[in-house]
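query.pdb (PDB, C-alpha atoms and all ligand atoms) appears below.
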```pdb
ATOM      1  CA  MET T 741      44.789  64.046  -8.926
ATOM      2  CA  PRO T 742      48.185  64.098  -7.176
ATOM      3  CA  ALA T 743      48.724  62.101  -3.987
ATOM      4  CA  GLN T 744      48.296  63.376  -0.465
ATOM      5  CA  LEU T 745      51.580  63.624   1.406
ATOM      6  CA  ILE T 746      51.923  61.565   4.595
ATOM      7  CA  ASP T 747      53.719  63.957   6.918
ATOM      8  CA  GLY T 748      55.840  61.600   9.033
ATOM      9  CA  LYS T 749      57.595  64.511  10.701
ATOM     10  CA  ALA T 750      54.344  65.947  12.081
ATOM     11  CA  ILE T 751      52.966  62.518  13.080
ATOM     12  CA  ALA T 752      56.238  61.677  14.859
ATOM     13  CA  ALA T 753      56.195  65.041  16.661
ATOM     14  CA  LYS T 754      52.739  64.219  18.040
ATOM     15  CA  PHE T 755      53.988  60.823  19.281
ATOM     16  CA  LYS T 756      56.948  62.502  21.004
ATOM     17  CA  ARG T 757      54.670  65.079  22.675
ATOM     18  CA  ASP T 758      52.413  62.284  23.994
ATOM     19  CA  ILE T 759      55.449  60.338  25.225
ATOM     20  CA  ARG T 760      56.775  63.475  26.960
ATOM     21  CA  GLU T 761      53.425  63.857  28.751
ATOM     22  CA  GLN T 762      53.457  60.234  29.899
ATOM     23  CA  VAL T 763      57.065  60.540  31.108
ATOM     24  CA  ASP T 764      56.203  63.710  33.037
ATOM     25  CA  GLN T 765      53.294  61.866  34.659
ATOM     26  CA  MET T 766      55.641  59.024  35.683
ATOM     27  CA  VAL T 767      57.995  61.543  37.264
ATOM     28  CA  ALA T 768      55.069  63.238  39.032
ATOM     29  CA  ARG T 769      54.185  59.824  40.514
ATOM     30  CA  GLY T 770      57.731  59.625  41.980
ATOM     31  CA  MET T 771      59.309  57.383  39.343
ATOM     32  CA  ARG T 772      62.577  58.054  37.555
ATOM     33  CA  ARG T 773      62.735  59.002  33.893
ATOM     34  CA  PRO T 774      63.213  56.171  31.342
ATOM     35  CA  GLY T 775      66.881  55.622  30.460
ATOM     36  CA  LEU T 776      68.211  54.730  27.006
ATOM     37  CA  ALA T 777      71.836  53.675  26.470
ATOM     38  CA  VAL T 778      72.989  54.502  22.931
ATOM     39  CA  ILE T 779      76.157  52.682  21.863
ATOM     40  CA  MET T 780      78.123  53.700  18.799
ATOM     41  CA  VAL T 781      81.323  51.913  17.752
ATOM     42  CA  GLY T 782      83.631  53.813  15.400
ATOM     43  CA  ASP T 783      82.918  57.041  13.590
ATOM     44  CA  ASN T 784      80.733  56.167  10.600
ATOM     45  CA  PRO T 785      79.399  59.626   9.583
ATOM     46  CA  ALA T 786      75.876  58.356   8.706
ATOM     47  CA  SER T 787      75.640  56.529  12.071
ATOM     48  CA  ALA T 788      76.765  59.701  13.849
ATOM     49  CA  VAL T 789      73.825  61.607  12.274
ATOM     50  CA  TYR T 790      71.308  58.878  13.256
ATOM     51  CA  VAL T 791      72.676  58.732  16.806
ATOM     52  CA  ARG T 792      72.504  62.525  17.121
ATOM     53  CA  ASN T 793      68.842  62.445  16.027
ATOM     54  CA  LYS T 794      68.039  59.707  18.552
ATOM     55  CA  ARG T 795      69.689  61.639  21.397
ATOM     56  CA  LYS T 796      67.806  64.795  20.381
ATOM     57  CA  ALA T 797      64.516  62.851  20.378
ATOM     58  CA  CYS T 798      65.304  61.568  23.898
ATOM     59  CA  ALA T 799      65.712  65.157  25.091
ATOM     60  CA  GLU T 800      62.384  66.117  23.456
ATOM     61  CA  SER T 801      60.610  63.108  24.979
ATOM     62  CA  GLY T 802      61.981  63.522  28.513
ATOM     63  CA  ILE T 803      64.040  60.316  28.263
ATOM     64  CA  VAL T 804      67.563  60.189  29.724
ATOM     65  CA  SER T 805      70.020  59.227  27.017
ATOM     66  CA  VAL T 806      73.368  57.783  28.071
ATOM     67  CA  ALA T 807      76.046  57.973  25.367
ATOM     68  CA  HIS T 808      78.646  55.228  24.884
ATOM     69  CA  ASP T 809      80.843  56.345  21.983
ATOM     70  CA  LEU T 810      83.466  53.630  21.574
ATOM     71  CA  PRO T 811      86.540  53.624  19.319
ATOM     72  CA  TYR T 812      86.622  51.523  16.140
ATOM     73  CA  SER T 813      89.233  49.287  17.799
ATOM     74  CA  THR T 814      86.721  48.078  20.441
ATOM     75  CA  THR T 815      86.728  44.271  20.520
ATOM     76  CA  GLN T 816      83.625  42.088  20.400
ATOM     77  CA  GLN T 817      84.347  40.947  23.972
ATOM     78  CA  GLU T 818      84.604  44.544  25.237
ATOM     79  CA  LEU T 819      81.275  45.386  23.607
ATOM     80  CA  ILE T 820      79.654  42.282  25.127
ATOM     81  CA  GLN T 821      80.961  43.291  28.573
ATOM     82  CA  LEU T 822      79.413  46.752  28.196
ATOM     83  CA  ILE T 823      76.060  45.263  27.117
ATOM     84  CA  GLU T 824      76.079  42.829  30.040
ATOM     85  CA  SER T 825      76.703  45.678  32.484
ATOM     86  CA  LEU T 826      73.853  47.702  30.893
ATOM     87  CA  ASN T 827      71.586  44.621  31.117
ATOM     88  CA  ARG T 828      72.187  44.692  34.887
ATOM     89  CA  ASP T 829      71.981  48.508  35.278
ATOM     90  CA  PRO T 830      68.650  49.357  36.985
ATOM     91  CA  SER T 831      68.634  52.902  35.571
ATOM     92  CA  ILE T 832      68.659  51.646  31.946
ATOM     93  CA  ASP T 833      65.423  50.552  30.231
ATOM     94  CA  GLY T 834      66.642  50.394  26.653
ATOM     95  CA  ILE T 835      69.913  49.447  24.949
ATOM     96  CA  LEU T 836      70.506  50.536  21.389
ATOM     97  CA  VAL T 837      73.574  49.431  19.437
ATOM     98  CA  GLN T 838      73.863  51.581  16.324
ATOM     99  CA  LEU T 839      74.352  49.446  13.202
ATOM    100  CA  PRO T 840      76.376  48.721  11.166
ATOM    101  CA  LEU T 841      79.143  47.555  13.494
ATOM    102  CA  PRO T 842      82.789  47.313  12.387
ATOM    103  CA  GLN T 843      83.503  44.112  10.447
ATOM    104  CA  HIS T 844      85.467  42.492  13.274
ATOM    105  CA  ILE T 845      82.298  42.447  15.422
ATOM    106  CA  GLU T 846      79.523  39.977  14.614
ATOM    107  CA  GLN T 847      76.207  41.795  14.604
ATOM    108  CA  SER T 848      73.994  38.791  15.399
ATOM    109  CA  VAL T 849      76.149  37.832  18.430
ATOM    110  CA  ILE T 850      75.834  41.365  19.825
ATOM    111  CA  ILE T 851      72.068  41.607  19.255
ATOM    112  CA  GLU T 852      71.536  38.313  21.097
ATOM    113  CA  LYS T 853      73.500  39.588  24.128
ATOM    114  CA  ILE T 854      70.969  42.372  24.763
ATOM    115  CA  ASP T 855      68.350  41.529  27.381
ATOM    116  CA  PRO T 856      65.167  41.096  25.252
ATOM    117  CA  ALA T 857      63.286  43.255  27.790
ATOM    118  CA  LYS T 858      65.725  46.130  27.032
ATOM    119  CA  ASP T 859      65.943  45.458  23.257
ATOM    120  CA  VAL T 860      64.175  48.678  22.246
ATOM    121  CA  ASP T 861      65.237  48.279  18.605
ATOM    122  CA  GLY T 862      63.213  45.042  18.579
ATOM    123  CA  PHE T 863      65.950  43.096  16.742
ATOM    124  CA  HIS T 864      66.493  40.268  19.259
ATOM    125  CA  PRO T 865      65.252  36.872  17.958
ATOM    126  CA  PHE T 866      62.923  36.687  20.981
ATOM    127  CA  ASN T 867      61.145  39.908  19.980
ATOM    128  CA  VAL T 868      61.071  39.056  16.259
ATOM    129  CA  GLY T 869      59.721  35.598  17.207
ATOM    130  CA  ARG T 870      56.980  37.159  19.335
ATOM    131  CA  LEU T 871      55.939  39.278  16.343
ATOM    132  CA  ALA T 872      55.975  36.202  14.064
ATOM    133  CA  LEU T 873      53.745  34.359  16.552
ATOM    134  CA  ARG T 874      51.231  37.251  16.694
ATOM    135  CA  VAL T 875      52.053  38.125  20.311
ATOM    136  CA  PRO T 876      54.326  41.146  19.815
ATOM    137  CA  LEU T 877      56.226  42.675  22.715
ATOM    138  CA  ILE T 878      58.949  45.093  21.626
ATOM    139  CA  ARG T 879      58.541  45.697  17.886
ATOM    140  CA  PRO T 880      61.227  46.683  15.329
ATOM    141  CA  CYS T 881      61.012  50.490  15.119
ATOM    142  CA  THR T 882      60.909  51.139  11.367
ATOM    143  CA  PRO T 883      58.122  48.654  10.477
ATOM    144  CA  TYR T 884      56.247  49.663  13.631
ATOM    145  CA  GLY T 885      56.475  53.306  12.538
ATOM    146  CA  VAL T 886      55.169  52.365   9.084
ATOM    147  CA  THR T 887      52.096  50.727  10.669
ATOM    148  CA  LYS T 888      51.388  54.052  12.406
ATOM    149  CA  LEU T 889      51.612  55.876   9.054
ATOM    150  CA  ILE T 890      49.153  53.372   7.533
ATOM    151  CA  ASP T 891      46.826  53.883  10.525
ATOM    152  CA  HIS T 892      47.075  57.624   9.925
ATOM    153  CA  VAL T 893      45.926  57.250   6.323
ATOM    154  CA  GLY T 894      42.964  55.245   7.615
ATOM    155  CA  LEU T 895      43.179  52.521   4.941
ATOM    156  CA  SER T 896      43.037  49.126   6.612
ATOM    157  CA  PRO T 897      45.319  46.472   5.069
ATOM    158  CA  LYS T 898      42.527  43.910   5.701
ATOM    159  CA  GLY T 899      41.725  42.205   2.414
ATOM    160  CA  ARG T 900      44.188  44.398   0.527
ATOM    161  CA  HIS T 901      47.324  43.440  -1.362
ATOM    162  CA  CYS T 902      50.369  44.700   0.516
ATOM    163  CA  VAL T 903      53.702  44.465  -1.298
ATOM    164  CA  VAL T 904      56.998  44.803   0.549
ATOM    165  CA  ILE T 905      60.108  45.297  -1.569
ATOM    166  CA  GLY T 906      63.218  44.346   0.404
ATOM    167  CA  ALA T 907      63.479  41.476   2.864
ATOM    168  CA  SER T 908      66.123  42.547   5.382
ATOM    169  CA  ASN T 909      65.993  41.467   9.016
ATOM    170  CA  ILE T 910      65.441  45.008  10.263
ATOM    171  CA  VAL T 911      62.915  46.337   7.741
ATOM    172  CA  GLY T 912      61.431  44.050   5.056
ATOM    173  CA  ARG T 913      60.847  40.839   7.030
ATOM    174  CA  PRO T 914      59.343  42.365  10.192
ATOM    175  CA  MET T 915      57.341  44.709   7.911
ATOM    176  CA  ALA T 916      55.742  41.684   6.251
ATOM    177  CA  LEU T 917      54.902  40.258   9.700
ATOM    178  CA  GLU T 918      53.316  43.557  10.802
ATOM    179  CA  LEU T 919      51.185  43.708   7.639
ATOM    180  CA  LEU T 920      50.068  40.091   8.153
ATOM    181  CA  LEU T 921      49.099  41.027  11.704
ATOM    182  CA  MET T 922      47.053  43.907  10.259
ATOM    183  CA  GLY T 923      45.153  41.472   8.034
ATOM    184  CA  GLY T 924      46.895  42.240   4.747
ATOM    185  CA  THR T 925      47.607  39.763   1.968
ATOM    186  CA  VAL T 926      51.358  40.125   1.773
ATOM    187  CA  THR T 927      53.901  39.633  -1.014
ATOM    188  CA  VAL T 928      57.609  40.105  -0.285
ATOM    189  CA  CYS T 929      60.017  40.900  -3.137
ATOM    190  CA  HIS T 930      63.805  40.610  -2.848
ATOM    191  CA  ARG T 931      66.900  40.510  -5.002
ATOM    192  CA  PHE T 932      65.856  37.256  -6.733
ATOM    193  CA  THR T 933      62.350  38.441  -7.603
ATOM    194  CA  GLY T 934      63.356  39.829 -10.973
ATOM    195  CA  ASP T 935      60.759  42.070 -12.603
ATOM    196  CA  LEU T 936      59.159  44.158  -9.835
ATOM    197  CA  LYS T 937      56.593  45.858 -12.078
ATOM    198  CA  PRO T 938      53.747  43.260 -11.842
ATOM    199  CA  TYR T 939      54.004  43.258  -8.038
ATOM    200  CA  VAL T 940      54.158  47.046  -7.718
ATOM    201  CA  SER T 941      51.256  47.622 -10.092
ATOM    202  CA  SER T 942      48.985  45.292  -8.100
ATOM    203  CA  ALA T 943      49.864  46.764  -4.677
ATOM    204  CA  ASP T 944      47.165  48.595  -2.729
ATOM    205  CA  ILE T 945      49.796  49.297  -0.082
ATOM    206  CA  LEU T 946      53.429  49.405  -1.229
ATOM    207  CA  ILE T 947      56.408  49.515   1.139
ATOM    208  CA  VAL T 948      59.843  49.909  -0.441
ATOM    209  CA  ALA T 949      63.033  49.261   1.549
ATOM    210  CA  VAL T 950      65.947  48.393  -0.723
ATOM    211  CA  GLY T 951      68.398  51.285  -0.644
ATOM    212  CA  ARG T 952      68.479  51.916  -4.385
ATOM    213  CA  PRO T 953      67.137  55.215  -5.771
ATOM    214  CA  GLY T 954      64.567  54.829  -8.542
ATOM    215  CA  ILE T 955      64.174  51.032  -8.180
ATOM    216  CA  VAL T 956      60.400  51.648  -8.260
ATOM    217  CA  ARG T 957      59.247  53.664 -11.255
ATOM    218  CA  GLY T 958      56.384  56.089 -10.964
ATOM    219  CA  GLU T 959      54.385  54.659 -13.867
ATOM    220  CA  TRP T 960      54.199  51.243 -12.124
ATOM    221  CA  ILE T 961      52.228  52.593  -9.153
ATOM    222  CA  LYS T 962      48.590  51.455  -8.848
ATOM    223  CA  PRO T 963      46.356  54.545  -8.989
ATOM    224  CA  GLY T 964      45.093  55.553  -5.542
ATOM    225  CA  SER T 965      47.470  53.267  -3.628
ATOM    226  CA  VAL T 966      49.446  54.006  -0.453
ATOM    227  CA  VAL T 967      53.189  54.300  -1.121
ATOM    228  CA  ILE T 968      55.594  54.197   1.811
ATOM    229  CA  ASP T 969      59.228  54.777   0.882
ATOM    230  CA  VAL T 970      61.639  53.566   3.560
ATOM    231  CA  GLY T 971      64.736  53.972   1.386
ATOM    232  CA  MET T 972      67.240  56.593   2.396
ATOM    233  CA  ASN T 973      69.916  57.367  -0.168
ATOM    234  CA  ARG T 974      72.291  60.291  -0.395
ATOM    235  CA  GLY T 975      72.762  61.588  -3.946
ATOM    236  CA  ALA T 976      75.960  63.024  -5.420
ATOM    237  CA  ASP T 977      74.527  66.487  -4.636
ATOM    238  CA  GLY T 978      74.366  65.529  -0.932
ATOM    239  CA  LYS T 979      70.549  65.484  -0.936
ATOM    240  CA  LEU T 980      68.548  62.598   0.553
ATOM    241  CA  CYS T 981      66.160  60.628  -1.636
ATOM    242  CA  GLY T 982      64.111  57.442  -1.341
ATOM    243  CA  ASP T 983      63.852  54.318  -3.491
ATOM    244  CA  VAL T 984      60.708  55.372  -5.362
ATOM    245  CA  ASP T 985      60.670  57.783  -8.298
ATOM    246  CA  PHE T 986      58.787  60.356  -6.232
ATOM    247  CA  ASP T 987      57.610  62.737  -8.954
ATOM    248  CA  GLY T 988      56.085  59.934 -11.069
ATOM    249  CA  ALA T 989      54.558  58.135  -8.077
ATOM    250  CA  TYR T 990      53.110  61.362  -6.701
ATOM    251  CA  GLU T 991      50.942  61.714  -9.823
ATOM    252  CA  ARG T 992      49.370  58.247  -9.396
ATOM    253  CA  ALA T 993      49.344  57.295  -5.692
ATOM    254  CA  GLY T 994      46.565  58.189  -3.262
ATOM    255  CA  TRP T 995      49.027  58.813  -0.419
ATOM    256  CA  ILE T 996      52.817  58.914  -0.408
ATOM    257  CA  THR T 997      55.613  59.533   2.093
ATOM    258  CA  PRO T 998      58.315  62.089   1.286
ATOM    259  CA  VAL T 999      62.024  61.401   1.831
ATOM    260  CA  PRO T1000      63.173  62.959   4.079
ATOM    261  CA  GLY T1001      60.265  63.619   6.434
ATOM    262  CA  GLY T1002      58.354  60.336   6.048
ATOM    263  CA  VAL T1003      59.468  57.087   7.656
ATOM    264  CA  GLY T1004      62.726  58.342   9.241
ATOM    265  CA  PRO T1005      61.142  60.478  11.997
ATOM    266  CA  MET T1006      58.646  57.670  12.767
ATOM    267  CA  THR T1007      61.491  55.200  13.350
ATOM    268  CA  VAL T1008      62.918  57.493  16.011
ATOM    269  CA  ALA T1009      59.492  58.157  17.561
ATOM    270  CA  MET T1010      58.882  54.383  17.884
ATOM    271  CA  LEU T1011      62.262  54.029  19.584
ATOM    272  CA  MET T1012      61.049  56.538  22.180
ATOM    273  CA  LYS T1013      57.746  54.655  22.514
ATOM    274  CA  ASN T1014      59.529  51.320  22.992
ATOM    275  CA  THR T1015      61.817  52.863  25.639
ATOM    276  CA  LEU T1016      58.883  54.365  27.539
ATOM    277  CA  GLU T1017      56.973  51.056  27.462
ATOM    278  CA  SER T1018      60.063  49.137  28.574
ATOM    279  CA  ALA T1019      60.439  51.544  31.533
ATOM    280  CA  GLU T1020      56.747  51.243  32.409
ATOM    281  CA  ALA T1021      56.979  47.439  32.415
ATOM    282  CA  ARG T1022      59.951  47.694  34.805
ATOM    283  CA  LEU T1023      58.801  50.532  37.077
ATOM    284  CA  ASP T1024      55.041  50.178  37.055
ATOM    285  CA  PRO T1025      54.373  46.493  36.304
TER     286      PRO T1025
HETATM  287  P1  LIG T1101      69.524  45.982   3.416
HETATM  288  O1  LIG T1101      69.819  45.234   4.675
HETATM  289  O2  LIG T1101      70.625  46.282   2.469
HETATM  290  O3  LIG T1101      68.377  45.182   2.678
HETATM  291  C1  LIG T1101      67.972  45.532   1.375
HETATM  292  C2  LIG T1101      66.954  44.523   0.901
HETATM  293  O4  LIG T1101      66.642  44.833  -0.441
HETATM  294  C3  LIG T1101      67.443  43.071   0.932
HETATM  295  O5  LIG T1101      66.434  42.281   1.499
HETATM  296  C4  LIG T1101      67.673  42.726  -0.531
HETATM  297  O6  LIG T1101      67.330  41.407  -0.856
HETATM  298  C5  LIG T1101      66.666  43.629  -1.214
HETATM  299  N1  LIG T1101      67.060  43.874  -2.608
HETATM  300  C6  LIG T1101      68.279  44.114  -3.115
HETATM  301  N2  LIG T1101      68.201  44.283  -4.450
HETATM  302  C7  LIG T1101      66.903  44.133  -4.783
HETATM  303  C8  LIG T1101      66.190  44.164  -5.998
HETATM  304  N3  LIG T1101      66.807  44.389  -7.151
HETATM  305  N4  LIG T1101      64.859  43.962  -5.992
HETATM  306  C9  LIG T1101      64.211  43.748  -4.813
HETATM  307  N5  LIG T1101      64.841  43.687  -3.624
HETATM  308  C10 LIG T1101      66.174  43.886  -3.610
HETATM  309  O7  LIG T1101      68.854  47.376   3.748
HETATM  310  P2  LIG T1101      67.851  47.809   4.931
HETATM  311  O8  LIG T1101      68.595  47.966   6.175
HETATM  312  O9  LIG T1101      66.633  46.964   4.898
HETATM  313  O10 LIG T1101      67.466  49.267   4.405
HETATM  314  C11 LIG T1101      66.831  49.493   3.163
HETATM  315  C12 LIG T1101      66.760  50.979   2.895
HETATM  316  O11 LIG T1101      65.973  51.580   3.931
HETATM  317  C13 LIG T1101      68.093  51.727   2.944
HETATM  318  O12 LIG T1101      68.050  52.807   2.037
HETATM  319  C14 LIG T1101      68.185  52.251   4.353
HETATM  320  O13 LIG T1101      68.985  53.422   4.463
HETATM  321  C15 LIG T1101      66.728  52.587   4.594
HETATM  322  N6  LIG T1101      66.336  52.565   6.006
HETATM  323  C16 LIG T1101      65.619  53.632   6.435
HETATM  324  C17 LIG T1101      65.193  53.659   7.731
HETATM  325  C18 LIG T1101      64.378  54.824   8.188
HETATM  326  O14 LIG T1101      64.147  54.970   9.370
HETATM  327  N7  LIG T1101      63.904  55.649   7.259
HETATM  328  C19 LIG T1101      65.474  52.611   8.617
HETATM  329  C20 LIG T1101      66.183  51.518   8.125
HETATM  330  C21 LIG T1101      66.605  51.505   6.806
HETATM  331  P3  LIG T1101      68.065  40.106  -0.260
HETATM  332  O15 LIG T1101      67.468  39.934   1.114
HETATM  333  O16 LIG T1101      67.690  39.026  -1.181
HETATM  334  O17 LIG T1101      69.525  40.451  -0.204
END
```

Could I get this file's structure written as C-alpha cells?
Ligand code: NAP
Amino acid sequence: MPAQLIDGKAIAAKFKRDIREQVDQMVARGMRRPGLAVIMVGDNPASAVYVRNKRKACAESGIVSVAHDLPYSTTQQELIQLIESLNRDPSIDGILVQLPLPQHIEQSVIIEKIDPAKDVDGFHPFNVGRLALRVPLIRPCTPYGVTKLIDHVGLSPKGRHCVVIGASNIVGRPMALELLLMGGTVTVCHRFTGDLKPYVSSADILIVAVGRPGIVRGEWIKPGSVVIDVGMNRGADGKLCGDVDFDGAYERAGWITPVPGGVGPMTVAMLMKNTLESAEARLDP
C-alpha cells in the first residue's frame, strides 16, 4: 500500500492561523504586535525567495516584519553594529540573519552577536546548548518543525530507531537532539558514514538532510516507516526535489513528506511560533 502524504503546507497553515489568533488577543489586551527583523546581505536569489516567504508568513501571522536588505559589500563590523542596535530595540522580539552570508563575514561570529532571547532561528550556542541539556528555550526551526510533523503522524519515537542523515549545525545535529528528547534511539549519518543502506533500512523514522537528490534510494526504505525529507534541491528543469527517491519511497513508507510542501512550510511556521513566544516572554512575562 502506498504511503500517506504528510501535508506540511496544511499543518503549517494551521499553526499560522493559531499564531494569528494569539497575536490578535495580545493586541486586544493592549500589547504591541511581535516584531521580527529580517536581515539579508547581498542578493543570493535562493535567499531572496526564503526571505520573501518569511515576510509573507509574518503578514499572515500578524507579526510586524522589518526588512534590512544590505548590499554584498556590507562589512562584518557594520552587520554587528546593526545586530547590536536590534538587540537594544524594544520593538524587536526576533532577529533573523538569512544564511549563507558572504564569505568575508564569519557566520559563527554573527550568530553569537544576536541576543539569545531574540535568536528566533535558534542557532545561538546558548539555545543549542539548552536543547542539548534537555531544557530547550528557542529551538532551531527546521528540526522543531519536523517534530511537529512526527507528532501529526502520531507515531512516538519512544523505543523506535530514528536515523538522521546529515549532521549540519542547523538541521542534522539539532534534529538528533530533538529526537533524543522525544525518546528515540538515534543514529546520525554523515559524509564519513559510507554505505547508508543498512541504516536507512533499519529506520522506523528517517530524516534526510544532505542536499543531494536521490542519496536515499526508495528500495532501502523500511516498510511502514516515517520518511521526512528535509532536502531542497533545484533540478536542471527548475523544479524542486528532495534527497529521497520519492516515487520508490512512496511505495514502501507508511508516511512521507513531499518536496515542496513538506518540511519547508513548517520551518517558516516555527519561525513565527518562536517570534510570538519571544514577544510573549518580553511583553507578558
Ligand atoms: P549542509 O550544511 O550542507 O549539511 C549537509 C550534511 O550532509 C552535512 O552534515 C554532511 O556531512 C552531510 N553529508 C554530506 N554528504 C553525505 C553523504 N554522502 N552521506 C551522508 N551525509 C552526508 O546542509 P543543511 O543546511 O543541513 O541542509 C541540508 C539540505 O536541507 C539542503 O538541501 C537544504 O537546502 C535543505 N534545507 C531545507 C530546509 C527546509 O526548511 N526545508 C531548511 C534547511 C535546509 P558532514 O557534516 O560530515 O560534512

**Study point:** Minimum-distance residue to ligand LIG 1101 (chain T), chosen among T:Leu839, T:Ile779, T:Val1003, T:Val904 (using all atoms listed in the file)
**Key:**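 Closest to ligand LIG 1101 (chain T) of all the choices is T:Val1003.
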
Point to revise | Expected answer as a ChimeraX atom specification: residues within 6 Å of ligand LIG 1101 (chain T), only C-alpha atoms and all ligand atoms | key: /T:882,905-908,910-912,929-931,949-951,970-973,1003-1004,1007

Practice item. Between T:Thr927, T:Thr933, T:Gln817, T:Gln838, single out the one closest to T:Pro785, counting only C-alpha atoms. Key: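 Looking only at the distances to T:Pro785, the closest residue turns out to be T:Gln838.
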
Exercise for review: Kindly indicate which residue among T:Leu920, T:Leu826, T:Leu889, T:Leu877 lies nearest to T:Gly1002, using only C-alpha atoms for the distances.
Suggested key: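 Looking at the shortest contact to T:Gly1002, the residue is T:Leu889.
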
Exercise for review: Any chance you could resolve the PyMOL selection byres (((chain T and resi 1008) around 12) and not hetatm) against this file and give the residues as a ChimeraX atom specification?
Suggested key: /T:748-749,751-753,755-756,790-798,800-801,836,860-861,880-886,1001-1007,1009-1015

Exercise for review: For each of T:Ala857, T:Val893, T:Ala989, T:Val966, take the minimum atom-to-atom distance to T:Ile878, counting only C-alpha atoms, then give the residue where this is smallest.
Suggested key: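 Among T:Ala857, T:Val893, T:Ala989, T:Val966, it is T:Ala857 that comes nearest to T:Ile878.
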
Practice item. Find, counting all atoms listed in the file, the residue in T:Met766, T:Asp985, T:Met780, T:Ile845 that gets nearest to T:Asp1024. Key: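 Closest residue, counting all atoms listed in the file: T:Met766.
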
**Study point:** Expected residue set, 9 Å radius at (86.8, 49.0, 14.4), all atoms listed in the file, as JSON, numbers by chain
**Key:** {"T": [781, 782, 783, 811, 812, 813, 814, 815, 841, 842, 843, 844, 845]}

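The two atoms in question, atom CA of T:Leu936 and atom CA of T:Val956, are spaced 7.8 Å apart.
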
Exercise for review: Report as a list in words the residues that result from applying the PyMOL selection byres (((chain T and resi 968) around 6) and not hetatm) to the structure here.
Suggested key: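 Going through the file, the PyMOL selection byres (((chain T and resi 968) around 6) and not hetatm) ends up selecting Ile947, Val967, Asp969, Ile996 and Thr997 of chain T.
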
**Study point:** Straight-line distance linking atom CA of T:Asn909 with atom CA of T:Leu819, stated in Å to one decimal
**Key:**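 Spanning atom CA of T:Asn909 to atom CA of T:Leu819 is a straight-line distance of 21.5 Å.
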
Review point. How would you write, as a PyMOL selection string, the residues chosen by the PyMOL selection byres (((chain T and resi 771) around 12) and not hetatm) on this structure?
Key: chain T and resi 762-770+772-775+831+1019-1020+1022-1024

Centre, edges in Å (one decimal): axis-aligned box, stretch 846-854 of chain T, 4 Å padding on all six sides, as JSON:
```
{"center_x": 75.2, "center_y": 40.1, "center_z": 19.7, "size_x": 16.6, "size_y": 12.5, "size_z": 18.2}
```

Practice item. Between atom CA of T:Phe866 and atom CA of T:Leu917, measure the distance and give it in Å to one decimal. Key: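 Straight-line distance from atom CA of T:Phe866 to atom CA of T:Leu917 works out to 14.3 Å.
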
Review point. Do you know which residues are at most 8 Å from T:Cys981 counting only C-alpha atoms, after dropping those on the same chain fewer than 2 positions away, and could you put them as a PyMOL selection string?
Key: chain T and resi 953+971-975+979+983+999-1000
